[in-house]
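Below is the file model.txt, which contains compact mmCIF, C-alpha atoms.
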```txt
# COMPACT_ATOMS: atom_id res chain seq x y z
CA GLY A 751 -10.55 -62.46 12.02
CA ALA A 752 -9.48 -63.94 8.73
CA VAL A 753 -7.58 -61.50 6.55
CA VAL A 754 -7.00 -61.63 2.82
CA SER A 755 -4.59 -59.23 1.15
CA GLN A 756 -4.16 -58.29 -2.47
CA HIS A 757 -1.18 -56.75 -4.19
CA PRO A 758 -0.99 -54.36 -5.83
CA SER A 759 -3.99 -52.26 -4.86
CA ARG A 760 -3.71 -50.23 -8.06
CA VAL A 761 -1.84 -50.83 -11.29
CA ILE A 762 -1.64 -48.95 -14.56
CA CYS A 763 -0.13 -50.67 -17.54
CA LYS A 764 0.25 -50.23 -21.26
CA SER A 765 -1.84 -52.18 -23.73
CA GLY A 766 -0.20 -55.47 -24.66
CA THR A 767 1.65 -55.98 -21.40
CA SER A 768 0.89 -58.55 -18.70
CA VAL A 769 -0.03 -57.83 -15.11
CA LYS A 770 0.11 -60.16 -12.13
CA ILE A 771 -2.15 -59.73 -9.12
CA GLU A 772 -1.46 -61.60 -5.89
CA CYS A 773 -4.01 -62.78 -3.37
CA ARG A 774 -2.83 -64.00 0.02
CA SER A 775 -4.62 -65.43 3.03
CA LEU A 776 -2.65 -64.02 5.94
CA ASP A 777 -3.79 -66.01 8.95
CA PHE A 778 -5.43 -69.10 7.56
CA GLN A 779 -4.92 -71.72 4.89
CA ALA A 780 -7.19 -71.61 1.89
CA THR A 781 -7.74 -74.69 -0.24
CA THR A 782 -10.03 -72.68 -2.47
CA MET A 783 -9.74 -69.12 -3.71
CA PHE A 784 -12.05 -67.25 -6.01
CA TRP A 785 -11.41 -64.44 -8.47
CA TYR A 786 -14.09 -61.88 -9.22
CA ARG A 787 -14.34 -58.93 -11.52
CA GLN A 788 -16.43 -55.89 -10.67
CA PHE A 789 -17.59 -53.40 -13.27
CA PRO A 790 -18.71 -49.89 -12.31
CA LYS A 791 -22.16 -49.96 -10.75
CA LYS A 792 -22.39 -53.68 -11.41
CA SER A 793 -22.18 -56.70 -9.22
CA LEU A 794 -19.20 -58.96 -8.68
CA MET A 795 -18.88 -61.52 -11.44
CA LEU A 796 -17.12 -64.76 -10.62
CA MET A 797 -14.30 -65.39 -13.07
CA ALA A 798 -12.78 -68.59 -11.77
CA THR A 799 -12.39 -70.92 -8.83
CA SER A 800 -8.84 -71.79 -7.87
CA ASN A 801 -7.97 -74.93 -5.93
CA GLU A 802 -4.54 -75.41 -4.43
CA GLY A 803 -2.40 -77.71 -6.50
CA SER A 804 -4.83 -78.10 -9.38
CA LYS A 805 -6.04 -76.20 -12.42
CA ALA A 806 -8.52 -73.41 -11.98
CA THR A 807 -12.12 -73.80 -13.04
CA TYR A 808 -13.24 -70.92 -15.22
CA GLU A 809 -16.74 -69.57 -15.58
CA GLN A 810 -18.40 -69.56 -18.95
CA GLY A 811 -17.16 -66.74 -21.13
CA VAL A 812 -13.91 -66.20 -19.26
CA GLU A 813 -10.81 -66.75 -21.40
CA LYS A 814 -8.47 -69.05 -19.52
CA ASP A 815 -5.53 -68.16 -21.74
CA LYS A 816 -6.01 -64.50 -21.01
CA PHE A 817 -6.61 -64.74 -17.28
CA LEU A 818 -4.01 -67.17 -15.96
CA ILE A 819 -4.59 -68.36 -12.43
CA ASN A 820 -2.06 -70.15 -10.29
CA HIS A 821 -2.74 -71.43 -6.77
CA ALA A 822 0.67 -72.75 -5.84
CA SER A 823 0.27 -72.80 -2.06
CA LEU A 824 -2.42 -72.80 0.59
CA THR A 825 -1.96 -69.08 1.15
CA LEU A 826 -1.30 -67.65 -2.30
CA SER A 827 -3.16 -67.42 -5.58
CA THR A 828 -2.16 -65.24 -8.51
CA LEU A 829 -4.13 -63.86 -11.43
CA THR A 830 -2.15 -62.81 -14.48
CA VAL A 831 -3.90 -60.72 -17.09
CA THR A 832 -1.96 -61.44 -20.26
CA SER A 833 -1.68 -59.05 -23.21
CA ALA A 834 -3.93 -56.60 -21.44
CA HIS A 835 -6.24 -54.32 -23.38
CA PRO A 836 -8.27 -51.30 -22.26
CA GLU A 837 -11.40 -53.44 -21.98
CA ASP A 838 -9.65 -55.45 -19.27
CA SER A 839 -9.62 -52.36 -17.07
CA SER A 840 -11.65 -53.24 -14.04
CA PHE A 841 -11.66 -53.95 -10.32
CA TYR A 842 -10.43 -57.46 -9.55
CA ILE A 843 -11.29 -59.04 -6.21
CA CYS A 844 -10.21 -62.32 -4.72
CA SER A 845 -11.69 -64.31 -1.90
CA ALA A 846 -10.50 -67.29 0.05
CA ARG A 847 -12.29 -70.08 1.81
CA ASP A 848 -10.78 -71.40 5.02
CA ARG A 849 -9.70 -75.03 4.65
CA ARG A 850 -11.38 -75.76 7.96
CA GLY A 851 -14.56 -76.03 6.02
CA THR A 852 -16.87 -73.14 6.79
CA ASP A 853 -18.90 -71.78 3.89
CA THR A 854 -17.68 -68.27 4.54
CA GLN A 855 -15.52 -66.57 1.95
CA TYR A 856 -13.11 -63.87 3.07
CA PHE A 857 -12.50 -61.12 0.57
CA GLY A 858 -9.45 -59.11 -0.33
CA PRO A 859 -9.65 -55.33 -0.76
CA GLY A 860 -9.43 -55.53 -4.54
CA THR A 861 -7.03 -54.40 -7.26
CA ARG A 862 -7.86 -51.57 -9.64
CA LEU A 863 -6.37 -52.31 -13.07
CA THR A 864 -6.19 -49.57 -15.67
CA VAL A 865 -4.91 -50.44 -19.13
CA LEU A 866 -3.91 -47.50 -21.27
CA GLY B 824 -29.83 -70.13 -12.99
CA ASN B 825 -29.34 -68.19 -9.81
CA SER B 826 -29.90 -64.48 -9.58
CA VAL B 827 -30.12 -61.81 -6.89
CA THR B 828 -31.98 -58.54 -7.24
CA GLN B 829 -31.31 -55.65 -4.88
CA MET B 830 -32.92 -52.28 -4.63
CA GLU B 831 -30.97 -49.71 -6.54
CA GLY B 832 -29.13 -47.07 -4.66
CA PRO B 833 -27.76 -44.86 -3.64
CA VAL B 834 -29.66 -44.63 -0.40
CA THR B 835 -29.16 -41.59 1.81
CA LEU B 836 -30.58 -41.49 5.31
CA SER B 837 -30.22 -39.35 8.38
CA GLU B 838 -28.59 -40.77 11.47
CA GLU B 839 -30.97 -42.85 13.63
CA ALA B 840 -33.34 -43.49 10.73
CA PHE B 841 -34.75 -46.94 10.01
CA LEU B 842 -33.09 -48.81 7.17
CA THR B 843 -34.46 -51.39 4.78
CA ILE B 844 -32.56 -52.66 1.76
CA ASN B 845 -34.63 -55.06 -0.29
CA CYS B 846 -33.22 -58.26 -1.73
CA THR B 847 -35.03 -60.98 -3.66
CA TYR B 848 -33.57 -64.05 -5.24
CA THR B 849 -34.11 -66.80 -7.77
CA ALA B 850 -32.44 -70.11 -7.14
CA THR B 851 -32.89 -73.83 -7.43
CA GLY B 852 -33.16 -75.84 -4.27
CA TYR B 853 -32.51 -74.28 -0.89
CA PRO B 854 -29.79 -71.66 -1.09
CA SER B 855 -27.88 -70.04 1.74
CA LEU B 856 -28.33 -66.27 1.81
CA PHE B 857 -25.79 -63.65 2.76
CA TRP B 858 -25.34 -59.95 3.24
CA TYR B 859 -21.85 -58.60 2.66
CA VAL B 860 -20.70 -55.06 3.45
CA GLN B 861 -17.88 -53.15 1.81
CA TYR B 862 -16.58 -50.15 3.71
CA PRO B 863 -14.62 -47.51 1.78
CA GLY B 864 -11.22 -48.81 0.78
CA GLU B 865 -11.78 -52.26 2.25
CA GLY B 866 -12.73 -55.71 1.03
CA LEU B 867 -16.14 -57.24 1.36
CA GLN B 868 -16.95 -58.53 4.83
CA LEU B 869 -19.63 -60.98 5.76
CA LEU B 870 -22.29 -59.10 7.69
CA LEU B 871 -24.80 -61.88 8.32
CA LYS B 872 -26.19 -65.03 6.82
CA ALA B 873 -29.06 -67.49 6.98
CA THR B 874 -29.00 -71.04 5.76
CA LYS B 875 -32.63 -72.15 5.84
CA ALA B 876 -36.15 -70.81 5.63
CA ASP B 877 -37.29 -68.60 8.53
CA ASP B 878 -33.75 -68.27 9.87
CA LYS B 879 -32.85 -64.77 10.98
CA GLY B 880 -29.28 -63.59 10.58
CA SER B 881 -28.16 -60.71 12.75
CA ASN B 882 -25.00 -58.73 13.42
CA LYS B 883 -24.11 -55.19 14.49
CA GLY B 884 -27.79 -54.29 14.81
CA PHE B 885 -28.59 -55.49 11.30
CA GLU B 886 -31.11 -58.26 10.70
CA ALA B 887 -32.41 -60.21 7.75
CA THR B 888 -34.94 -63.06 7.68
CA TYR B 889 -34.89 -65.83 5.10
CA ARG B 890 -38.38 -65.77 3.58
CA LYS B 891 -38.85 -68.68 1.23
CA GLU B 892 -42.46 -67.84 0.42
CA THR B 893 -41.47 -64.45 -0.96
CA THR B 894 -37.90 -65.45 -1.95
CA SER B 895 -36.61 -62.46 -0.05
CA PHE B 896 -33.84 -61.58 2.39
CA HIS B 897 -34.35 -57.91 3.19
CA LEU B 898 -31.75 -56.16 5.33
CA GLU B 899 -33.01 -53.99 8.20
CA LYS B 900 -31.58 -51.86 10.94
CA GLY B 901 -33.61 -49.89 13.43
CA SER B 902 -31.29 -46.93 13.90
CA VAL B 903 -28.43 -46.33 11.51
CA GLN B 904 -25.19 -44.57 12.31
CA VAL B 905 -22.76 -42.61 10.18
CA SER B 906 -20.34 -45.54 10.48
CA ASP B 907 -22.85 -47.74 8.60
CA SER B 908 -22.10 -45.85 5.39
CA ALA B 909 -20.90 -48.51 2.96
CA VAL B 910 -21.95 -50.64 0.01
CA TYR B 911 -24.14 -53.60 0.88
CA PHE B 912 -24.31 -56.74 -1.25
CA CYS B 913 -26.91 -59.48 -1.05
CA ALA B 914 -25.67 -62.89 -2.20
CA LEU B 915 -26.60 -66.55 -2.31
CA SER B 916 -24.96 -69.90 -2.72
CA ASN B 917 -26.50 -73.28 -3.33
CA PHE B 918 -26.03 -76.03 -0.81
CA GLY B 919 -22.83 -77.88 -1.51
CA ASN B 920 -21.68 -75.26 -3.99
CA GLU B 921 -19.17 -72.66 -2.96
CA LYS B 922 -19.98 -70.18 -5.71
CA LEU B 923 -21.60 -66.94 -4.62
CA THR B 924 -24.07 -65.06 -6.79
CA PHE B 925 -24.18 -61.37 -5.91
CA GLY B 926 -26.66 -58.59 -6.31
CA THR B 927 -25.50 -55.29 -7.76
CA GLY B 928 -24.86 -53.71 -4.38
CA THR B 929 -26.56 -50.77 -2.67
CA ARG B 930 -24.55 -47.75 -1.62
CA LEU B 931 -25.74 -46.40 1.72
CA THR B 932 -24.78 -42.96 2.99
CA ILE B 933 -25.76 -41.83 6.46
CA ILE B 934 -25.64 -38.12 7.17
CA PRO B 935 -25.32 -36.71 10.69
```

Produce C-alpha cells that represent the structure in this file.
Amino acid sequence: GAVVSQHPSRVICKSGTSVKIECRSLDFQATTMFWYRQFPKKSLMLMATSNEGSKATYEQGVEKDKFLINHASLTLSTLTVTSAHPEDSSFYICSARDRRGTDTQYFGPGTRLTVL
Amino acid sequence: GNSVTQMEGPVTLSEEAFLTINCTYTATGYPSLFWYVQYPGEGLQLLLKATKADDKGSNKGFEATYRKETTSFHLEKGSVQVSDSAVYFCALSNFGNEKLTFGTGTRLTIIP
C-alpha cells in the first residue's frame, strides 16, 4: 500500500528557533500534500494544501510566514515552523494524494513538536 | 461550513462485543464520508468510505452506511478484537474538493 513517512518523529527545540519537518511519499507520486495540526483530544485541523511546484494554499487563520511550506518534488513536502514559540507545540501530520487521481489521502505517522 | 460530530470516547469494550461509534455530519451538497483509523504509533489509515447516499462501506469486519436522511455514518462491527484498539476518526469531503473535515476522534480500547 501507499506509504507516507515523516521526519523527524519527535523534535524538541528552544523558543525562537526554526524547525523543519519533512513529509515523503515513498512509493507513489503526490501532486498534492496536506499539512494538519492536531491538538490534544481535538480533531485534525487542516493548515495548508501544498501543490507540487506552486505556492501552498493556507487555511484561514494560519500564518503563512510562520508555517513555511515547500513542495519541491512529487515525493517531498516540507513544513518549517519559523521562530517557534511554546504555543506552536503540537502534533503535525501530513498526508499525500496519489497523482493517479483517487480521492484517498495517505497519512504520515506525525511529528511531535515541543517548543521549550 | 462542514462539520463532523463523533461520540466522545474513550470507549472500552470486551473482546467479541458489538461496537457502534456514532458520527453525524453537516455539509453542503453531497459529501463523501470516511472512517480513518489510527493505530498506536502509526499514521491514519483509511478504513472505509462511502460516496453517495445508501452506500455501505466495509473493511476488516467494520461497516458504515451513508444515511442522508439522518446525516449519519455510524461505524459498526459485530465482534471486536483486541487488535481493533485504536483511535477512529470520521471525516467528510465535498465532491470535487480534496479537503477533509475530521471529527474529534474516538479512542477504542478492547480488553481480553

Problem set entry | chain A contacts to chain B at 8 Å (all atoms listed in the file) as a list in words | Lys791, Lys792, Ser793, Leu794, Met795, Leu796, Asp853, Thr854, Gln855, Tyr856, Phe857, Gly858, Pro859 and Gly860 of chain A

Please provide as a PDB file with C-alpha atoms, in the coordinates of the input all residues within 10 Å of Thr828 (chain A), with the sequence filter that same-chain residues fewer than 6 positions apart are discarded (counting all atoms listed in the file).
```
ATOM      1  CA  GLN A 756      -4.160 -58.290  -2.470  1.00  0.00           C
ATOM      2  CA  HIS A 757      -1.180 -56.750  -4.190  1.00  0.00           C
ATOM      3  CA  LYS A 770       0.110 -60.160 -12.130  1.00  0.00           C
ATOM      4  CA  ILE A 771      -2.150 -59.730  -9.120  1.00  0.00           C
ATOM      5  CA  GLU A 772      -1.460 -61.600  -5.890  1.00  0.00           C
ATOM      6  CA  CYS A 773      -4.010 -62.780  -3.370  1.00  0.00           C
ATOM      7  CA  ARG A 774      -2.830 -64.000   0.020  1.00  0.00           C
ATOM      8  CA  MET A 783      -9.740 -69.120  -3.710  1.00  0.00           C
ATOM      9  CA  TRP A 785     -11.410 -64.440  -8.470  1.00  0.00           C
ATOM     10  CA  SER A 800      -8.840 -71.790  -7.870  1.00  0.00           C
ATOM     11  CA  PHE A 817      -6.610 -64.740 -17.280  1.00  0.00           C
ATOM     12  CA  LEU A 818      -4.010 -67.170 -15.960  1.00  0.00           C
ATOM     13  CA  ILE A 819      -4.590 -68.360 -12.430  1.00  0.00           C
ATOM     14  CA  ASN A 820      -2.060 -70.150 -10.290  1.00  0.00           C
ATOM     15  CA  HIS A 821      -2.740 -71.430  -6.770  1.00  0.00           C
ATOM     16  CA  ALA A 822       0.670 -72.750  -5.840  1.00  0.00           C
ATOM     17  CA  CYS A 844     -10.210 -62.320  -4.720  1.00  0.00           C
TER      18      CYS A 844
END
```

Exercise. Can you tell me, as a ChimeraX atom specification, what residues are no more than 12 Å from Gln779 (chain A) when counting all atoms listed in the file, ignoring any on the same chain fewer than 3 positions away?
Worked result: /A:752-754,774-776,782-783,801-802,821,823-827,846-851,856

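Proximity of B:Thr893, B:Asn845, B:Thr932, B:Thr828 to Ser908 (chain B), computed with all atoms listed in the file, is greatest for B:Thr932.
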
For this session: Name all residues at most 9 Å from Gln904 (chain B) (count only C-alpha atoms; drop same-chain ones fewer than 5 positions away) and give them as a list of chain:residue names.
Result: B:Ser837, B:Glu838, B:Glu839, B:Ala840, B:Ile933, B:Ile934, B:Pro935

Taking C-alpha atoms for each residue, export the selection above as a short mmCIF file (atom, residue, chain, number, x, y, z; two decimals), keeping the file's coordinate frame.
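So the final result, stored in out-v1.cif, reads:
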```cif
data_model
loop_
_atom_site.label_atom_id
_atom_site.label_comp_id
_atom_site.auth_asym_id
_atom_site.auth_seq_id
_atom_site.Cartn_x
_atom_site.Cartn_y
_atom_site.Cartn_z
CA SER B 837 -30.22 -39.35 8.38
CA GLU B 838 -28.59 -40.77 11.47
CA GLU B 839 -30.97 -42.85 13.63
CA ALA B 840 -33.34 -43.49 10.73
CA ILE B 933 -25.76 -41.83 6.46
CA ILE B 934 -25.64 -38.12 7.17
CA PRO B 935 -25.32 -36.71 10.69
#
```

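CA of Leu931 (chain B) sits 26.8 Å away from CA of Ala876 (chain B).
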
For this session: Using all atoms listed in the file, determine which residues lie at most 6 Å from Thr799 (chain A), disregarding the query and same-chain residues fewer than 2 positions distant; provide the list as a PyMOL selection string.
Result: chain A and resi 784+806-807

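Across the model, the gap from CA of Phe841 (chain A) to CA of Pro790 (chain A) is 8.4 Å.
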
Considering all atoms listed in the file, return as a PDB file with C-alpha atoms, in the frame of the given file whatever protein or nucleic-acid residues lie within 6 Å of Thr861 (chain A), sequence-local ones (same chain, fewer than 5 positions apart) excluded.
```
ATOM      1  CA  SER A 759      -3.990 -52.260  -4.860  1.00  0.00           C
ATOM      2  CA  ARG A 760      -3.710 -50.230  -8.060  1.00  0.00           C
ATOM      3  CA  PHE A 841     -11.660 -53.950 -10.320  1.00  0.00           C
ATOM      4  CA  TYR A 842     -10.430 -57.460  -9.550  1.00  0.00           C
TER       5      TYR A 842
END
```

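Here CA of Val769 (chain A) is placed at a distance of 16.9 Å from CA of Ser755 (chain A).
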
Size and centre in Å, one decimal, axis-aligned box, all listed region 842-849 of chain B atoms plus 8 Å per side, as AutoDock Vina command-line options:
```
--center_x -33.8 --center_y -57.8 --center_z -0.3 --size_x 18.5 --size_y 34.0 --size_z 30.9
```
